[in-house]
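Trainee: What follows is coords23.txt, made up of compact mmCIF, C-alpha atoms:
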```
# COMPACT_ATOMS: atom_id res chain seq x y z
CA MET A 1 313.34 -13.47 -50.12
CA PRO A 2 316.96 -14.67 -49.90
CA ASP A 3 318.75 -14.71 -46.58
CA VAL A 4 321.54 -12.13 -46.82
CA SER A 5 322.05 -11.62 -43.11
CA HIS A 6 325.44 -13.28 -43.42
CA GLU A 7 327.88 -13.90 -46.24
CA PRO A 8 327.04 -17.02 -48.28
CA PRO A 9 329.78 -19.43 -49.36
CA THR A 10 332.18 -17.92 -51.87
CA ALA A 11 332.52 -21.04 -54.00
CA ALA A 12 330.34 -19.65 -56.78
CA GLY A 13 331.48 -19.34 -60.37
CA PRO A 14 335.23 -18.94 -60.92
CA LEU A 15 337.02 -15.86 -62.14
CA ASP A 16 336.56 -15.63 -65.90
CA PRO A 17 339.14 -13.52 -67.76
CA ARG A 18 337.31 -13.32 -71.08
CA ALA A 19 336.44 -10.01 -72.70
CA LEU A 20 332.96 -8.62 -72.11
CA SER A 21 332.28 -8.95 -75.83
CA ASP A 22 331.67 -12.62 -75.01
CA TYR A 23 328.63 -11.61 -72.95
CA THR A 24 326.84 -9.05 -75.14
CA THR A 25 324.61 -9.51 -78.15
CA LEU A 26 326.65 -6.85 -79.98
CA ARG A 27 329.79 -8.94 -79.43
CA LEU A 28 331.50 -5.69 -78.41
CA GLY A 29 333.12 -4.52 -75.18
CA GLY A 30 336.61 -4.61 -73.71
CA PRO A 31 337.90 -6.66 -70.77
CA ALA A 32 336.76 -6.59 -67.17
CA GLY A 33 339.00 -6.44 -64.15
CA GLN A 34 337.22 -9.53 -62.83
CA VAL A 35 334.23 -11.58 -63.94
CA HIS A 36 332.22 -13.65 -61.45
CA THR A 37 329.25 -15.92 -62.16
CA ALA A 38 326.34 -15.82 -59.71
CA GLU A 39 323.81 -18.64 -59.95
CA ASP A 40 321.35 -17.63 -57.20
CA PRO A 41 320.26 -14.47 -55.34
CA GLN A 42 322.59 -15.11 -52.41
CA GLN A 43 325.60 -15.27 -54.71
CA ILE A 44 324.50 -12.13 -56.56
CA VAL A 45 324.27 -10.21 -53.29
CA HIS A 46 327.55 -11.67 -52.04
CA PHE A 47 329.58 -10.59 -55.06
CA VAL A 48 328.01 -7.14 -55.27
CA ARG A 49 328.48 -6.57 -51.55
CA ALA A 50 332.07 -7.83 -51.58
CA ALA A 51 332.97 -5.54 -54.47
CA ALA A 52 331.56 -2.53 -52.62
CA ARG A 53 333.58 -3.40 -49.52
CA ASN A 54 336.70 -3.50 -51.69
CA GLY A 55 335.93 -0.05 -53.03
CA GLN A 56 335.20 -1.33 -56.55
CA PRO A 57 331.44 -1.24 -57.26
CA ALA A 58 330.44 -4.19 -59.42
CA MET A 59 328.80 -3.94 -62.80
CA VAL A 60 325.92 -6.40 -63.11
CA LEU A 61 325.41 -8.10 -66.48
CA ALA A 62 322.81 -10.68 -67.46
CA GLY A 63 321.81 -11.31 -71.09
CA GLY A 64 323.83 -8.37 -72.42
CA SER A 65 321.15 -7.52 -74.96
CA ASN A 66 320.56 -3.89 -74.03
CA VAL A 67 324.03 -2.67 -73.15
CA VAL A 68 326.86 -1.03 -75.09
CA ILE A 69 330.22 -1.45 -73.35
CA GLY A 70 333.21 0.70 -74.25
CA ASP A 71 336.26 -0.74 -75.98
CA ALA A 72 338.29 -0.09 -72.82
CA GLY A 73 335.98 -2.43 -70.94
CA VAL A 74 335.29 -2.17 -67.22
CA PRO A 75 338.23 -1.85 -64.83
CA GLY A 76 336.39 -3.31 -61.85
CA PRO A 77 334.48 -6.53 -61.23
CA VAL A 78 331.54 -7.72 -63.32
CA VAL A 79 328.90 -10.08 -61.92
CA LEU A 80 327.19 -12.32 -64.45
CA ILE A 81 323.61 -13.07 -63.41
CA ARG A 82 322.91 -16.73 -64.15
CA SER A 83 320.09 -17.52 -61.71
CA ARG A 84 317.32 -19.58 -63.28
CA GLY A 85 313.76 -20.71 -62.70
CA ALA A 86 310.12 -19.64 -62.42
CA GLU A 87 307.88 -20.40 -59.43
CA VAL A 88 304.10 -20.09 -59.16
CA LEU A 89 303.29 -18.05 -56.03
CA GLU A 90 299.52 -17.66 -56.34
CA GLN A 91 296.85 -19.12 -58.57
CA THR A 92 293.13 -18.45 -59.00
CA ASP A 93 290.65 -19.44 -61.67
CA ASP A 94 291.48 -16.28 -63.59
CA ALA A 95 295.13 -15.44 -62.90
CA VAL A 96 298.52 -16.66 -61.78
CA VAL A 97 301.42 -14.87 -60.09
CA VAL A 98 304.82 -16.20 -61.14
CA ARG A 99 308.19 -15.31 -59.61
CA VAL A 100 310.94 -15.41 -62.23
CA ALA A 101 314.65 -15.44 -61.42
CA ALA A 102 316.61 -12.47 -62.75
CA GLY A 103 318.86 -14.64 -64.90
CA GLU A 104 316.08 -16.65 -66.55
CA PRO A 105 316.30 -16.12 -70.33
CA TRP A 106 313.29 -13.99 -71.16
CA ASP A 107 312.10 -15.80 -74.26
CA GLU A 108 312.28 -19.13 -72.44
CA PHE A 109 309.96 -17.75 -69.79
CA VAL A 110 307.56 -16.44 -72.45
CA ALA A 111 307.56 -19.91 -74.03
CA THR A 112 306.80 -21.42 -70.61
CA ALA A 113 303.92 -18.98 -70.10
CA VAL A 114 302.43 -19.72 -73.51
CA ASP A 115 302.68 -23.47 -72.97
CA ALA A 116 301.05 -23.14 -69.54
CA GLY A 117 298.16 -21.00 -70.81
CA TRP A 118 299.27 -17.77 -69.13
CA SER A 119 298.38 -14.71 -71.15
CA GLY A 120 299.96 -11.25 -71.03
CA VAL A 121 303.54 -11.53 -72.33
CA GLU A 122 303.05 -13.47 -75.58
CA CYS A 123 303.67 -10.37 -77.72
CA LEU A 124 307.06 -10.00 -76.03
CA SER A 125 308.26 -13.24 -77.62
CA GLY A 126 311.69 -13.38 -79.22
CA ILE A 127 313.16 -10.54 -77.16
CA PRO A 128 316.70 -11.47 -76.08
CA GLY A 129 318.07 -10.97 -72.60
CA SER A 130 316.98 -11.98 -69.13
CA ALA A 131 313.81 -11.61 -67.09
CA GLY A 132 315.60 -9.38 -64.59
CA ALA A 133 316.38 -6.85 -67.28
CA THR A 134 312.76 -6.42 -68.37
CA PRO A 135 311.67 -4.01 -65.61
CA ILE A 136 314.80 -1.90 -66.02
CA GLN A 137 313.74 -0.48 -69.37
CA ASN A 138 310.09 -1.53 -69.14
CA VAL A 139 310.49 -3.84 -72.11
CA GLY A 140 307.73 -3.52 -74.66
CA ALA A 141 306.85 -4.61 -78.18
CA TYR A 142 303.83 -5.20 -80.41
CA GLY A 143 301.39 -3.51 -78.04
CA GLN A 144 302.51 -5.05 -74.74
CA GLU A 145 304.96 -3.93 -72.07
CA VAL A 146 306.03 -5.63 -68.87
CA ALA A 147 304.73 -2.83 -66.65
CA GLU A 148 301.22 -4.13 -67.40
CA THR A 149 301.94 -7.46 -65.70
CA ILE A 150 304.68 -6.81 -63.11
CA VAL A 151 303.37 -6.81 -59.52
CA GLY A 152 306.70 -6.77 -57.69
CA VAL A 153 310.47 -6.60 -58.21
CA GLU A 154 312.84 -8.09 -55.66
CA VAL A 155 316.04 -6.06 -55.43
CA TYR A 156 319.26 -5.74 -53.51
CA ASP A 157 319.60 -2.12 -52.43
CA ARG A 158 323.29 -1.22 -52.52
CA LEU A 159 322.69 1.98 -50.58
CA ASP A 160 320.85 0.39 -47.66
CA ASP A 161 322.54 -3.03 -47.96
CA THR A 162 319.14 -4.73 -47.81
CA VAL A 163 316.96 -6.99 -49.95
CA ARG A 164 313.35 -5.94 -50.43
CA ARG A 165 310.48 -6.10 -52.87
CA MET A 166 309.50 -2.94 -54.74
CA THR A 167 305.95 -2.21 -55.87
CA PRO A 168 305.10 -1.15 -59.43
CA ASP A 169 304.58 2.42 -58.20
CA GLU A 170 308.06 2.43 -56.69
CA CYS A 171 309.46 1.18 -59.99
CA ARG A 172 308.15 4.35 -61.71
CA PHE A 173 307.58 2.69 -65.05
CA ALA A 174 307.36 4.88 -68.14
CA TYR A 175 307.99 4.44 -71.86
CA ARG A 176 311.16 2.30 -72.09
CA THR A 177 312.38 3.36 -68.68
CA SER A 178 312.00 2.92 -64.93
CA VAL A 179 313.65 3.98 -61.68
CA PHE A 180 316.28 1.30 -62.35
CA LYS A 181 317.54 2.62 -65.66
CA HIS A 182 320.75 4.67 -65.43
CA ASN A 183 320.78 4.02 -61.68
CA ASP A 184 323.07 1.42 -60.11
CA ARG A 185 321.49 1.57 -56.66
CA TRP A 186 319.30 -1.52 -57.12
CA VAL A 187 320.23 -4.98 -58.40
CA VAL A 188 317.23 -6.96 -59.63
CA LEU A 189 317.05 -10.46 -58.09
CA SER A 190 313.62 -11.63 -59.29
CA VAL A 191 310.43 -10.33 -60.85
CA ASP A 192 306.81 -11.22 -60.06
CA PHE A 193 304.34 -11.25 -62.97
CA ARG A 194 300.55 -11.52 -62.75
CA LEU A 195 299.25 -13.20 -65.90
CA ALA A 196 295.74 -14.15 -66.99
CA ARG A 197 294.93 -17.86 -67.12
CA SER A 198 293.76 -18.11 -70.70
CA ASN A 199 294.77 -19.91 -73.87
CA GLU A 200 293.96 -16.75 -75.81
CA SER A 201 296.16 -13.72 -76.17
CA ALA A 202 295.44 -10.33 -74.74
CA PRO A 203 293.59 -8.13 -77.27
CA VAL A 204 295.88 -7.53 -80.24
CA ARG A 205 296.69 -3.81 -80.19
CA TYR A 206 299.44 -3.44 -82.76
CA ALA A 207 298.34 -2.92 -86.36
CA GLU A 208 301.30 -4.77 -87.90
CA LEU A 209 300.69 -7.80 -85.70
CA ALA A 210 296.95 -7.76 -86.39
CA LYS A 211 297.69 -7.74 -90.11
CA ALA A 212 300.11 -10.66 -89.77
CA LEU A 213 297.45 -12.61 -87.86
CA ALA A 214 294.68 -11.57 -90.29
CA VAL A 215 292.51 -10.27 -87.45
CA ALA A 216 291.16 -6.89 -86.43
CA GLN A 217 292.86 -4.84 -83.74
CA GLY A 218 291.25 -5.76 -80.42
CA ASP A 219 290.68 -9.38 -81.39
CA ARG A 220 292.21 -12.27 -79.46
CA VAL A 221 294.02 -15.26 -80.93
CA PRO A 222 295.44 -18.49 -79.49
CA LEU A 223 298.60 -17.81 -77.51
CA ARG A 224 300.76 -20.01 -79.72
CA GLU A 225 299.59 -18.17 -82.84
CA ALA A 226 300.44 -14.80 -81.30
CA ARG A 227 303.87 -16.00 -80.23
CA ALA A 228 304.65 -17.52 -83.63
CA ALA A 229 303.54 -14.38 -85.48
CA VAL A 230 305.61 -12.09 -83.24
CA ARG A 231 308.71 -14.24 -83.61
CA ALA A 232 308.27 -14.27 -87.39
CA LEU A 233 307.91 -10.48 -87.51
CA ARG A 234 310.97 -10.02 -85.31
CA ALA A 235 313.02 -12.49 -87.34
CA GLY A 236 312.17 -10.59 -90.51
CA LYS A 237 313.70 -7.50 -88.90
CA GLY A 238 316.80 -9.27 -87.61
CA MET A 239 315.51 -9.02 -84.04
CA VAL A 240 315.80 -12.71 -83.13
CA LEU A 241 319.33 -13.75 -82.22
CA ASP A 242 321.17 -15.86 -84.78
CA PRO A 243 324.94 -16.29 -84.38
CA ALA A 244 325.31 -16.77 -88.13
CA ASP A 245 323.42 -13.57 -89.03
CA HIS A 246 325.30 -10.32 -88.42
CA ASP A 247 322.03 -8.42 -88.74
CA THR A 248 321.20 -9.80 -85.28
CA TRP A 249 324.51 -8.70 -83.72
CA SER A 250 322.86 -5.66 -82.19
CA VAL A 251 321.00 -4.37 -79.14
CA GLY A 252 317.73 -4.43 -81.05
CA SER A 253 316.33 -0.93 -81.44
CA PHE A 254 319.22 1.46 -80.81
CA PHE A 255 316.99 4.56 -80.54
CA THR A 256 313.66 4.99 -78.80
CA ASN A 257 310.68 6.37 -80.66
CA PRO A 258 310.53 10.11 -79.87
CA VAL A 259 307.58 11.32 -77.81
CA LEU A 260 306.66 14.87 -78.84
CA ASP A 261 304.31 17.48 -77.49
CA ALA A 262 301.74 18.99 -79.84
CA ALA A 263 303.93 21.91 -80.91
CA ALA A 264 306.95 19.72 -81.63
CA TYR A 265 304.80 17.28 -83.60
CA GLU A 266 303.35 20.06 -85.75
CA PHE A 267 306.87 21.35 -86.39
CA LEU A 268 307.90 17.85 -87.47
CA ARG A 269 304.94 17.66 -89.84
CA THR A 270 306.04 20.96 -91.38
CA ARG A 271 309.57 19.63 -91.90
CA ALA A 272 308.13 16.44 -93.41
CA ALA A 273 305.96 18.30 -95.92
CA GLY A 274 306.10 16.61 -99.28
CA ILE A 275 306.98 13.15 -97.99
CA GLY A 276 303.96 12.54 -95.78
CA ASP A 277 303.31 12.50 -92.07
CA PRO A 278 305.50 10.15 -90.03
CA PRO A 279 303.84 7.09 -88.53
CA SER A 280 302.61 8.17 -85.11
CA TRP A 281 300.62 7.06 -82.10
CA PRO A 282 298.70 9.51 -79.88
CA GLY A 283 299.34 9.38 -76.16
CA PRO A 284 298.00 11.00 -72.98
CA GLY A 285 298.17 14.73 -72.50
CA GLY A 286 298.39 15.50 -76.19
CA LEU A 287 301.74 13.74 -76.58
CA VAL A 288 302.50 11.91 -79.81
CA LYS A 289 304.97 9.05 -80.24
CA VAL A 290 306.55 8.96 -83.71
CA SER A 291 308.51 6.30 -85.54
CA ALA A 292 312.27 6.62 -85.11
CA ALA A 293 312.77 4.12 -87.93
CA TRP A 294 310.84 6.37 -90.32
CA LEU A 295 312.82 9.45 -89.28
CA ILE A 296 316.10 7.60 -89.78
CA ASP A 297 315.13 6.24 -93.19
CA LYS A 298 313.77 9.56 -94.46
CA SER A 299 316.97 11.28 -93.33
CA GLY A 300 318.94 9.13 -95.77
CA PHE A 301 320.11 6.39 -93.43
CA THR A 302 318.64 3.37 -95.15
CA LYS A 303 318.97 -0.34 -94.41
CA GLY A 304 322.59 -1.44 -94.72
CA TYR A 305 323.95 2.10 -94.43
CA GLY A 306 327.47 2.33 -93.06
CA GLY A 307 330.04 -0.36 -93.55
CA ARG A 308 332.81 1.74 -92.06
CA GLY A 309 334.75 0.41 -89.11
CA GLY A 310 332.99 -2.94 -89.29
CA VAL A 311 329.56 -1.59 -88.30
CA ALA A 312 326.40 -0.74 -90.23
CA ILE A 313 322.66 -0.30 -89.99
CA SER A 314 321.00 -3.68 -90.22
CA GLY A 315 320.01 -4.83 -93.68
CA LYS A 316 316.61 -5.71 -92.23
CA HIS A 317 315.68 -2.80 -89.95
CA THR A 318 316.87 0.81 -89.76
CA LEU A 319 316.60 0.94 -85.96
CA ALA A 320 319.26 -1.73 -85.42
CA LEU A 321 322.94 -0.78 -85.51
CA THR A 322 325.02 -3.89 -86.03
CA ASN A 323 328.51 -5.26 -85.60
CA ARG A 324 329.45 -6.94 -88.87
CA GLY A 325 332.07 -9.06 -87.14
CA GLN A 326 335.05 -6.70 -87.10
CA GLY A 327 333.45 -3.70 -85.44
CA SER A 328 334.28 -1.69 -82.34
CA THR A 329 332.18 0.23 -79.86
CA ALA A 330 333.85 3.46 -80.99
CA ALA A 331 332.79 2.83 -84.59
CA LEU A 332 329.26 1.91 -83.54
CA LEU A 333 328.87 5.13 -81.54
CA ASP A 334 330.31 7.17 -84.42
CA LEU A 335 327.57 5.74 -86.64
CA ALA A 336 324.94 6.44 -83.96
CA ARG A 337 326.09 10.08 -83.70
CA GLU A 338 325.95 10.48 -87.47
CA ILE A 339 322.38 9.19 -87.52
CA ARG A 340 321.28 11.24 -84.51
CA ASP A 341 322.76 14.44 -85.93
CA GLY A 342 321.40 13.78 -89.41
CA VAL A 343 317.86 13.22 -88.13
CA HIS A 344 318.05 16.40 -86.06
CA GLU A 345 319.28 18.41 -89.03
CA ARG A 346 316.54 17.04 -91.30
CA PHE A 347 313.55 17.04 -88.94
CA GLY A 348 314.53 18.95 -85.80
CA VAL A 349 313.97 15.88 -83.64
CA THR A 350 316.64 14.50 -81.29
CA LEU A 351 316.88 10.72 -81.03
CA HIS A 352 317.90 9.14 -77.73
CA PRO A 353 319.61 5.77 -77.28
CA GLU A 354 317.62 2.90 -75.84
CA PRO A 355 320.50 0.73 -74.51
CA VAL A 356 322.54 1.50 -71.42
CA LEU A 357 326.00 2.89 -72.29
CA VAL A 358 328.83 1.66 -70.07
CA ASN A 359 332.22 3.40 -70.07
CA CYS A 360 331.28 5.15 -73.31
CA SER A 361 328.98 7.96 -74.37
CA LEU A 362 326.96 9.28 -77.27
```
Can you dump the structure from the file as structure tokens?
Mentor:
Amino acid sequence: MPDVSHEPPTAAGPLDPRALSDYTTLRLGGPAGQVHTAEDPQQIVHFVRAAARNGQPAMVLAGGSNVVIGDAGVPGPVVLIRSRGAEVLEQTDDAVVVRVAAGEPWDEFVATAVDAGWSGVECLSGIPGSAGATPIQNVGAYGQEVAETIVGVEVYDRLDDTVRRMTPDECRFAYRTSVFKHNDRWVVLSVDFRLARSNESAPVRYAELAKALAVAQGDRVPLREARAAVRALRAGKGMVLDPADHDTWSVGSFFTNPVLDAAAYEFLRTRAAGIGDPPSWPGPGGLVKVSAAWLIDKSGFTKGYGGRGGVAISGKHTLALTNRGQGSTAALLDLAREIRDGVHERFGVTLHPEPVLVNCSL
């Protein structure tokens, strides 16, 4: 736990006047009043605390892969999280607990885990952003989510002006959300993951991934094979960052898959009569998760749709809204509203955004 009983030296990263579009995977977002770079937990706490004392709460930004920032930018200070590293805290014959700095690029950590023979996050390969962002929205893909492996999250509590470690129960993880999402009280400093010591993946749960690996659901495969297959699937959908490919200038999936109760799901099936039932996954309590991508496509918003205002649906995946190089946040949100309203009109289902919206709204 970092020592924050006194102010650390202030000689951290210099003021950076560049627009926030330089720090987001969408390449969108206006200027910040100030931008500071924090390279360790003490610096993170120092800048956030100093901003609060000046009456200008700081926005915290790491990989910028799950945030949409308004064209007007952020009038106050922004703290860039650039802490790095992963440290083994505990190790047994069967498992390892690893503490990962908030600013550690997520896919680099996954690569480290795979190379070390640590199983549990291999299906989260290729996801952009930082390790500290993963508990915020309970990052998940291809049958895994970080809530399954997180055993603690170290945070700076702005309200209490303290640093402490939160348990998984306190994090209140749910589908693509947690206590941290849409709540600026806590700043994530590091995350502890408990991973199995195994060169084989966790059981493959996701049908698309099982098909790509030519195995049955529930089978295990070598970690490197799972990682390679996931990265290939993501790349085919424009979900692996590539500066030369505008289909990857996005926040990944813009909308979450709707979770419907039994009555709402039956109503959806009625509205979908004649085109087939939407892809769905049963959940606890009779809830059903349905494919947002299917709803979008069947509502007439196909791959590549848009082109107005320099934004469009990805040519590879209907869930990704992309900046084609000359876009704006306003144009992107106009497209998102058109899709949301069109899906609701066609199927009676309301889509909700997955990224955090800053100084803008849908």
Trainee: Report, in Å to a single decimal, how far apart atom CA of Val191 of chain A and atom CA of Lys289 of chain A are.
Mentor: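 Result for atom CA of Lys289 of chain A versus atom CA of Val191 of chain A: 28.0 Å, one decimal.
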Trainee: Would you mind listing what lies within 8 Å of Val153 of chain A as a list in words, with all atoms listed in the file counted and same-chain residues fewer than 6 positions away left out?
Mentor: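 So, after excluding close chain neighbours, the residues are Pro135, Arg165, Met166, Thr167, Pro168, Val188, Leu189, Ser190, Val191 and Asp192 of chain A.
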Trainee: Between atom CA of Ser65 of chain A and atom CA of Leu26 of chain A, what is the distance in Å, rounded to a tenth?
Mentor: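 Answer for the atom CA of Ser65 of chain A to atom CA of Leu26 of chain A separation: 7.5 Å.
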Trainee: Do you know which residues are at most 12 Å from Ala320 of chain A counting all atoms listed in the file, after dropping those on the same chain fewer than 6 positions away, and could you put them as a PyMOL selection string?
Mentor: chain A and resi 25-26+66+234+237-240+246-256+292-293+296-297+301-306+311-314+332+335-336+339+353-355
Trainee: Box along x, y and z, 4 Å on every side, all listed atoms of segment 129-145 of chain A inside: centre and edge lengths in Å to one decimal, as JSON.
Mentor:
```
{"center_x": 309.7, "center_y": -6.2, "center_z": -72.5, "size_x": 24.7, "size_y": 19.5, "size_z": 23.8}
```
Trainee: As an exercise, work out the distance from atom CA of Asp161 of chain A to atom CA of Met59 of chain A in Å and give it to one decimal place.
Mentor: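 Distance between the two atoms: 16.1 Å.
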Trainee: Given the choices A:Val35, A:Leu333, A:Ala202, A:Val67, which gets closest to Trp118 of chain A if the distance is worked out from only C-alpha atoms?
Mentor: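 Of A:Val35, A:Leu333, A:Ala202, A:Val67, the one nearest Trp118 of chain A, counting only C-alpha atoms, is A:Ala202.
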Trainee: Find the residues around segment 218-231 of chain A up to 9 Å (all atoms listed in the file counted), leave out those fewer than 2 positions away in its own chain, and share them as an mmCIF file with C-alpha atoms, in the coordinates of the input.
Mentor:
```cif
data_model
loop_
_atom_site.group_PDB
_atom_site.id
_atom_site.type_symbol
_atom_site.label_atom_id
_atom_site.label_comp_id
_atom_site.auth_asym_id
_atom_site.auth_seq_id
_atom_site.Cartn_x
_atom_site.Cartn_y
_atom_site.Cartn_z
ATOM 1 C CA VAL A 110 307.560 -16.440 -72.450
ATOM 2 C CA ALA A 111 307.560 -19.910 -74.030
ATOM 3 C CA VAL A 114 302.430 -19.720 -73.510
ATOM 4 C CA ASP A 115 302.680 -23.470 -72.970
ATOM 5 C CA GLY A 117 298.160 -21.000 -70.810
ATOM 6 C CA TRP A 118 299.270 -17.770 -69.130
ATOM 7 C CA SER A 119 298.380 -14.710 -71.150
ATOM 8 C CA GLU A 122 303.050 -13.470 -75.580
ATOM 9 C CA CYS A 123 303.670 -10.370 -77.720
ATOM 10 C CA LEU A 124 307.060 -10.000 -76.030
ATOM 11 C CA SER A 125 308.260 -13.240 -77.620
ATOM 12 C CA GLY A 126 311.690 -13.380 -79.220
ATOM 13 C CA ILE A 127 313.160 -10.540 -77.160
ATOM 14 C CA TYR A 142 303.830 -5.200 -80.410
ATOM 15 C CA SER A 198 293.760 -18.110 -70.700
ATOM 16 C CA ASN A 199 294.770 -19.910 -73.870
ATOM 17 C CA GLU A 200 293.960 -16.750 -75.810
ATOM 18 C CA SER A 201 296.160 -13.720 -76.170
ATOM 19 C CA ALA A 202 295.440 -10.330 -74.740
ATOM 20 C CA PRO A 203 293.590 -8.130 -77.270
ATOM 21 C CA VAL A 204 295.880 -7.530 -80.240
ATOM 22 C CA ARG A 205 296.690 -3.810 -80.190
ATOM 23 C CA TYR A 206 299.440 -3.440 -82.760
ATOM 24 C CA LEU A 209 300.690 -7.800 -85.700
ATOM 25 C CA ALA A 210 296.950 -7.760 -86.390
ATOM 26 C CA ALA A 212 300.110 -10.660 -89.770
ATOM 27 C CA LEU A 213 297.450 -12.610 -87.860
ATOM 28 C CA VAL A 215 292.510 -10.270 -87.450
ATOM 29 C CA ALA A 216 291.160 -6.890 -86.430
ATOM 30 C CA LEU A 233 307.910 -10.480 -87.510
ATOM 31 C CA ARG A 234 310.970 -10.020 -85.310
ATOM 32 C CA ALA A 235 313.020 -12.490 -87.340
ATOM 33 C CA GLY A 236 312.170 -10.590 -90.510
ATOM 34 C CA MET A 239 315.510 -9.020 -84.040
ATOM 35 C CA VAL A 240 315.800 -12.710 -83.130
#
```
Trainee: Ranking A:Arg158, A:Ala244, A:Lys211, A:Lys298 by minimum distance to Thr318 of chain A and counting only C-alpha atoms, which one comes first?
Mentor: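 Smallest separation from Thr318 of chain A among the options: A:Lys298.
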Trainee: Nearest to Arg346 of chain A: which of A:Gly325, A:Ala72, A:Leu287, A:Phe267 is it, counting all atoms listed in the file?
Mentor: A:Phe267
Trainee: I'd like the neighbourhood of Gly140 of chain A as an MDAnalysis selection string, where a residue qualifies if any of its atoms comes within 9 Å (using all atoms listed in the file), though same-chain residues fewer than 3 positions away should be ignored.
Mentor: chainID A and resid 123:124 134 137 143:147 175:176
Trainee: Generate the missing atoms of segment 241-254 of chain A up to N, CA, C and O atoms and report them as a compact mmCIF listing (two decimals), keeping the file's coordinate frame.
Mentor:
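Output saved as result_30.txt:
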```
# COMPACT_ATOMS: atom_id res chain seq x y z
N LEU A 241 317.91 -13.46 -82.18
CA LEU A 241 319.33 -13.75 -82.22
C LEU A 241 319.65 -14.96 -83.08
O LEU A 241 318.99 -15.99 -83.01
N ASP A 242 320.68 -14.80 -83.92
CA ASP A 242 321.17 -15.86 -84.78
C ASP A 242 322.67 -15.65 -84.93
O ASP A 242 323.10 -14.69 -85.58
N PRO A 243 323.50 -16.50 -84.32
CA PRO A 243 324.94 -16.29 -84.38
C PRO A 243 325.50 -16.18 -85.79
O PRO A 243 326.53 -15.55 -86.00
N ALA A 244 324.81 -16.78 -86.75
CA ALA A 244 325.31 -16.77 -88.13
C ALA A 244 324.87 -15.53 -88.91
O ALA A 244 325.32 -15.32 -90.04
N ASP A 245 323.98 -14.72 -88.33
CA ASP A 245 323.42 -13.57 -89.03
C ASP A 245 323.87 -12.28 -88.35
O ASP A 245 323.40 -11.93 -87.28
N HIS A 246 324.78 -11.55 -89.02
CA HIS A 246 325.30 -10.32 -88.42
C HIS A 246 324.22 -9.26 -88.25
O HIS A 246 324.40 -8.32 -87.46
N ASP A 247 323.12 -9.37 -88.95
CA ASP A 247 322.03 -8.42 -88.74
C ASP A 247 321.43 -8.54 -87.35
O ASP A 247 320.69 -7.66 -86.91
N THR A 248 321.71 -9.64 -86.65
CA THR A 248 321.20 -9.80 -85.28
C THR A 248 322.26 -9.47 -84.24
O THR A 248 321.99 -9.55 -83.04
N TRP A 249 323.46 -9.08 -84.67
CA TRP A 249 324.51 -8.70 -83.72
C TRP A 249 324.27 -7.24 -83.35
O TRP A 249 324.95 -6.33 -83.83
N SER A 250 323.31 -7.02 -82.50
CA SER A 250 322.86 -5.66 -82.19
C SER A 250 322.28 -5.64 -80.78
O SER A 250 322.30 -6.64 -80.07
N VAL A 251 321.76 -4.48 -80.39
CA VAL A 251 321.00 -4.37 -79.14
C VAL A 251 319.52 -4.20 -79.46
O VAL A 251 318.76 -3.66 -78.66
N GLY A 252 319.10 -4.67 -80.63
CA GLY A 252 317.73 -4.43 -81.05
C GLY A 252 317.60 -2.98 -81.48
O GLY A 252 318.48 -2.44 -82.16
N SER A 253 316.54 -2.34 -81.08
CA SER A 253 316.33 -0.93 -81.44
C SER A 253 317.35 -0.06 -80.70
O SER A 253 317.36 -0.03 -79.47
N PHE A 254 318.20 0.65 -81.45
CA PHE A 254 319.22 1.46 -80.81
C PHE A 254 318.63 2.77 -80.27
O PHE A 254 319.08 3.28 -79.25
```
